[in-house]
Amino acid sequence: MSALQKTHELPSIDIAQSVETLYRDGITGLKGAFSREWTEQMREDMMVAFWEAIQRPGGAVTRGPRRWYVELHPEAISGFTDLVTHPWVAGMCEAVCGPNYEIVEIGFDTPFQGAKNQPWHRDFPSPEDSWKEKRITSLAFNLTGVDVTQDMGPFECAPGTQWDDGREWKHEMFPDKSLWDRYTERATRKYPQMGDISCRSALMMHRGTAHPSPISRPVLVLGVDAPGAGHAALHDMMVTRAFHEGLPQSVRDHLVCRVVDDLIPITQKHDIEGLVMGSE
């Protein structure tokens with residue numbers, strides 16, 4: 001555990017209750033999971049990575065006007081081990097995705113002043129396990145880098161929509177605007193504070209909202225799969241040998257990555273076309 005997290009008192013954790021909420025709403029969370037100091041370091045790591053990535057082709061991909069997504073190597077986040085070994089994070093991964101869960105992605109989304117409302121969407125097509133069997137096979141953990149306020153384009157979601165079929169939608173991810181009333185009627189905006197963490201199904205309908213604030217809102221994303229979900233093919237995480245050897249075995253057992261002598265900058269594979277053109 002890092003020095004920034006070592007003295008932090010953990011909130012009470014009830015994995016069974018969190019899983020129940022996740023299956024009902026498509027999203028759940030834990031307030032105060034990390035210290036503010038730890039979160040400030042995470043924010044600094046994200047912004048350093050952003051200014052490096054935005055300067056090279058494929059380093060930062062657009063998610064609409066003034067909004068970008070950047071994939072990272074685990075070493076870019078100094079608190080990576082704290083994150084993936086946190087008892088609530090590891091507990092949710094195992095409870096939902098099974099004992100052989102796979103850590104397949106780490107990155108962050110950041111809107112800046114001028115970002116617009118995104119279209120309602122999910123992050124990838126729903127597999128049969130989800131739309132037919134009502135089973136969650138992948139998780140997205142989100143950690144805000146700031147205390148979110150109304151003018152920072154808060155994340156908006158439509159609870160309970162993770163089971164929507166979606167096979168007739170554009171790219172099986174973007175429902176026609178004629179269907180949006182179902183989502184706006186359910187819409188809930190989230191205002192997490194530094195140190196909070198959420199866990200959601202990426203199939204739950206959601207969108208980023210308009211961001212008039214001059215303060216950017218970076219949000220860390222950790223992607224986890226059940227075996228066979230297949231999202232590792234969309235990513236290419238790498239770690240150096242020294243970093244890999246320093247990880248606890250409990251992390252190495254779940255991390256889907258290449259072990260290399262030197263890290264290669266990531267050229268992203270998962271560009272969500274509908275978010276480039278569809279913002280309001």
# chains A, B, ... in the order shown; residues from 1 in each chain; ligands from 1
call {"tool": "residues_around", "arguments": {"residues": "Asp129 of chain A", "least_positions_apart": "2", "cutoff": "12 Å", "atoms": "only C-alpha atoms", "output": "ChimeraX atom specification"}}
result
/A:125-127,131-138,162-163,165,203,226,228-229
call {"tool": "write_last_selection", "arguments": {"atoms": "all heavy atoms", "output": "short mmCIF file (atom, residue, chain, number, x, y, z; two decimals), in the first residue's frame"}}
result
data_model
loop_
_atom_site.label_atom_id
_atom_site.label_comp_id
_atom_site.auth_asym_id
_atom_site.auth_seq_id
_atom_site.Cartn_x
_atom_site.Cartn_y
_atom_site.Cartn_z
N PRO A 125 -21.35 -3.38 -27.76
CA PRO A 125 -22.59 -4.14 -27.93
C PRO A 125 -22.82 -5.11 -26.78
O PRO A 125 -21.88 -5.67 -26.20
CB PRO A 125 -22.36 -4.88 -29.25
CG PRO A 125 -21.35 -4.07 -29.98
CD PRO A 125 -20.44 -3.51 -28.92
N SER A 126 -24.09 -5.34 -26.48
CA SER A 126 -24.44 -6.27 -25.41
C SER A 126 -24.25 -7.71 -25.87
O SER A 126 -24.76 -8.10 -26.93
CB SER A 126 -25.90 -6.06 -24.99
OG SER A 126 -26.25 -6.97 -23.97
N PRO A 127 -23.52 -8.52 -25.11
CA PRO A 127 -23.41 -9.93 -25.46
C PRO A 127 -24.69 -10.68 -25.08
O PRO A 127 -25.50 -10.21 -24.25
CB PRO A 127 -22.23 -10.40 -24.61
CG PRO A 127 -22.29 -9.54 -23.40
CD PRO A 127 -22.76 -8.20 -23.88
N TRP A 131 -28.04 -9.52 -22.61
CA TRP A 131 -29.40 -9.19 -23.04
C TRP A 131 -30.37 -10.36 -22.89
O TRP A 131 -31.56 -10.17 -22.72
CB TRP A 131 -29.43 -8.61 -24.46
CG TRP A 131 -28.99 -9.52 -25.58
CD1 TRP A 131 -27.79 -9.50 -26.22
CD2 TRP A 131 -29.76 -10.55 -26.24
NE1 TRP A 131 -27.75 -10.45 -27.21
CE2 TRP A 131 -28.94 -11.10 -27.25
CE3 TRP A 131 -31.05 -11.05 -26.06
CZ2 TRP A 131 -29.37 -12.14 -28.08
CZ3 TRP A 131 -31.48 -12.08 -26.89
CH2 TRP A 131 -30.65 -12.61 -27.88
N LYS A 132 -29.84 -11.58 -22.94
CA LYS A 132 -30.72 -12.75 -22.82
C LYS A 132 -30.67 -13.38 -21.43
O LYS A 132 -31.72 -13.66 -20.83
CB LYS A 132 -30.31 -13.79 -23.86
CG LYS A 132 -31.24 -15.01 -23.90
CD LYS A 132 -30.84 -15.96 -25.03
CE LYS A 132 -31.78 -17.15 -25.12
NZ LYS A 132 -31.39 -18.07 -26.22
N GLU A 133 -29.47 -13.59 -20.90
CA GLU A 133 -29.31 -14.30 -19.64
C GLU A 133 -29.28 -13.38 -18.42
O GLU A 133 -29.27 -13.86 -17.29
CB GLU A 133 -28.04 -15.15 -19.67
CG GLU A 133 -27.94 -16.13 -20.82
CD GLU A 133 -29.02 -17.20 -20.76
OE1 GLU A 133 -29.50 -17.48 -19.64
OE2 GLU A 133 -29.38 -17.75 -21.83
N LYS A 134 -29.26 -12.06 -18.66
CA LYS A 134 -29.22 -11.07 -17.56
C LYS A 134 -28.02 -11.30 -16.64
O LYS A 134 -28.13 -11.35 -15.43
CB LYS A 134 -30.53 -11.11 -16.76
CG LYS A 134 -31.77 -10.85 -17.59
CD LYS A 134 -31.77 -9.44 -18.16
CE LYS A 134 -33.09 -9.11 -18.86
NZ LYS A 134 -33.26 -9.78 -20.14
N ARG A 135 -26.84 -11.41 -17.27
CA ARG A 135 -25.60 -11.61 -16.52
C ARG A 135 -24.58 -10.55 -16.92
O ARG A 135 -24.42 -10.25 -18.10
CB ARG A 135 -25.05 -13.02 -16.81
CG ARG A 135 -23.90 -13.44 -15.91
CD ARG A 135 -23.72 -14.95 -15.96
NE ARG A 135 -23.33 -15.43 -17.26
CZ ARG A 135 -22.06 -15.52 -17.68
NH1 ARG A 135 -21.07 -15.15 -16.87
NH2 ARG A 135 -21.77 -15.99 -18.88
N ILE A 136 -23.93 -9.97 -15.93
CA ILE A 136 -22.91 -8.96 -16.17
C ILE A 136 -21.56 -9.66 -16.34
O ILE A 136 -21.14 -10.41 -15.45
CB ILE A 136 -22.87 -7.94 -15.03
CG1 ILE A 136 -24.17 -7.12 -15.00
CG2 ILE A 136 -21.66 -7.00 -15.18
CD1 ILE A 136 -24.30 -6.19 -13.82
N THR A 137 -20.89 -9.42 -17.45
CA THR A 137 -19.62 -10.10 -17.74
C THR A 137 -18.44 -9.14 -17.83
O THR A 137 -17.33 -9.56 -18.14
CB THR A 137 -19.73 -10.91 -19.05
OG1 THR A 137 -20.03 -10.01 -20.13
CG2 THR A 137 -20.81 -11.98 -18.95
N SER A 138 -18.69 -7.86 -17.61
CA SER A 138 -17.59 -6.89 -17.59
C SER A 138 -17.96 -5.73 -16.68
O SER A 138 -19.14 -5.43 -16.49
CB SER A 138 -17.27 -6.39 -19.00
OG SER A 138 -18.36 -5.67 -19.52
N GLN A 162 -29.11 -1.60 -18.34
CA GLN A 162 -28.03 -2.49 -18.76
C GLN A 162 -28.55 -3.75 -19.44
O GLN A 162 -27.80 -4.44 -20.13
CB GLN A 162 -27.14 -2.87 -17.56
CG GLN A 162 -27.81 -3.73 -16.51
CD GLN A 162 -28.58 -2.93 -15.47
OE1 GLN A 162 -28.88 -1.75 -15.68
NE2 GLN A 162 -28.88 -3.54 -14.33
N TRP A 163 -29.84 -4.06 -19.25
CA TRP A 163 -30.41 -5.27 -19.86
C TRP A 163 -31.09 -4.98 -21.21
O TRP A 163 -31.58 -5.90 -21.85
CB TRP A 163 -31.41 -5.92 -18.91
CG TRP A 163 -30.90 -6.14 -17.53
CD1 TRP A 163 -31.48 -5.74 -16.37
CD2 TRP A 163 -29.71 -6.85 -17.14
NE1 TRP A 163 -30.73 -6.13 -15.28
CE2 TRP A 163 -29.63 -6.82 -15.72
CE3 TRP A 163 -28.69 -7.50 -17.84
CZ2 TRP A 163 -28.60 -7.40 -15.00
CZ3 TRP A 163 -27.65 -8.08 -17.13
CH2 TRP A 163 -27.61 -8.03 -15.73
N ASP A 165 -31.80 -4.70 -24.98
CA ASP A 165 -31.25 -5.55 -26.03
C ASP A 165 -30.23 -4.80 -26.89
O ASP A 165 -29.05 -5.11 -26.90
CB ASP A 165 -32.41 -6.10 -26.86
CG ASP A 165 -31.99 -7.14 -27.89
OD1 ASP A 165 -30.89 -7.00 -28.45
OD2 ASP A 165 -32.77 -8.07 -28.14
N LEU A 203 -22.75 -1.43 -20.15
CA LEU A 203 -23.94 -1.57 -20.98
C LEU A 203 -25.09 -0.68 -20.51
O LEU A 203 -26.04 -0.45 -21.25
CB LEU A 203 -24.41 -3.03 -21.00
CG LEU A 203 -23.40 -4.04 -21.54
CD1 LEU A 203 -23.96 -5.45 -21.43
CD2 LEU A 203 -23.01 -3.73 -22.98
N ALA A 226 -14.98 -10.80 -17.22
CA ALA A 226 -15.04 -12.22 -16.92
C ALA A 226 -14.30 -12.96 -18.04
O ALA A 226 -14.21 -12.46 -19.17
CB ALA A 226 -16.48 -12.69 -16.85
N GLY A 228 -13.47 -14.82 -21.22
CA GLY A 228 -14.26 -15.01 -22.43
C GLY A 228 -15.01 -13.78 -22.89
O GLY A 228 -15.56 -13.78 -24.00
N ALA A 229 -15.07 -12.72 -22.09
CA ALA A 229 -15.79 -11.52 -22.51
C ALA A 229 -15.12 -10.86 -23.72
O ALA A 229 -15.79 -10.23 -24.54
CB ALA A 229 -15.91 -10.54 -21.36
#
call {"tool": "select_by_dssp", "arguments": {"residues": "segment 132-210 of chain A", "states": "alpha helix (DSSP H)", "output": "ChimeraX atom specification"}}
result
/A:181-186
call {"tool": "residues_around", "arguments": {"residues": "Glu245 of chain A", "least_positions_apart": "6", "cutoff": "10 Å", "atoms": "only C-alpha atoms", "output": "PyMOL selection string"}}
result
chain A and resi 239+252+259
call {"tool": "closest_residue", "arguments": {"among": "A:Pro57, A:Gly160, A:Gly246, A:Gly166", "to": "Phe124 of chain A", "atoms": "only C-alpha atoms"}}
result
A:Gly166
call {"tool": "closest_residue", "arguments": {"among": "A:Thr209, A:Thr39, A:Thr81, A:Ser178", "to": "Ile197 of chain A", "atoms": "only C-alpha atoms"}}
result
A:Thr39
call {"tool": "residues_around", "arguments": {"residues": "Gly223 of chain A", "least_positions_apart": "5", "cutoff": "9 Å", "atoms": "only C-alpha atoms", "output": "count of residues only"}}
result
11
call {"tool": "closest_residue", "arguments": {"among": "A:Ser2, A:Thr7, A:Ser78, A:Thr149", "to": "Phe243 of chain A", "atoms": "only C-alpha atoms"}}
result
A:Ser78
call {"tool": "residues_around", "arguments": {"residues": "Tyr101 of chain A", "least_positions_apart": "4", "cutoff": "12 Å", "atoms": "only C-alpha atoms", "output": "list in words"}}
result
Val84, Val89, Ala90, Gly91, Met92, Cys93, Glu94, Ala95, Val96, Cys97, Thr137, Ser138, Leu139, Gly223, Val224, Asp225, Ala226, Pro227, Gly228, Ala229, Gly230, Ala232, Ser250, Val251, Arg252, Asp253, His254, Leu255 and Val256 of chain A
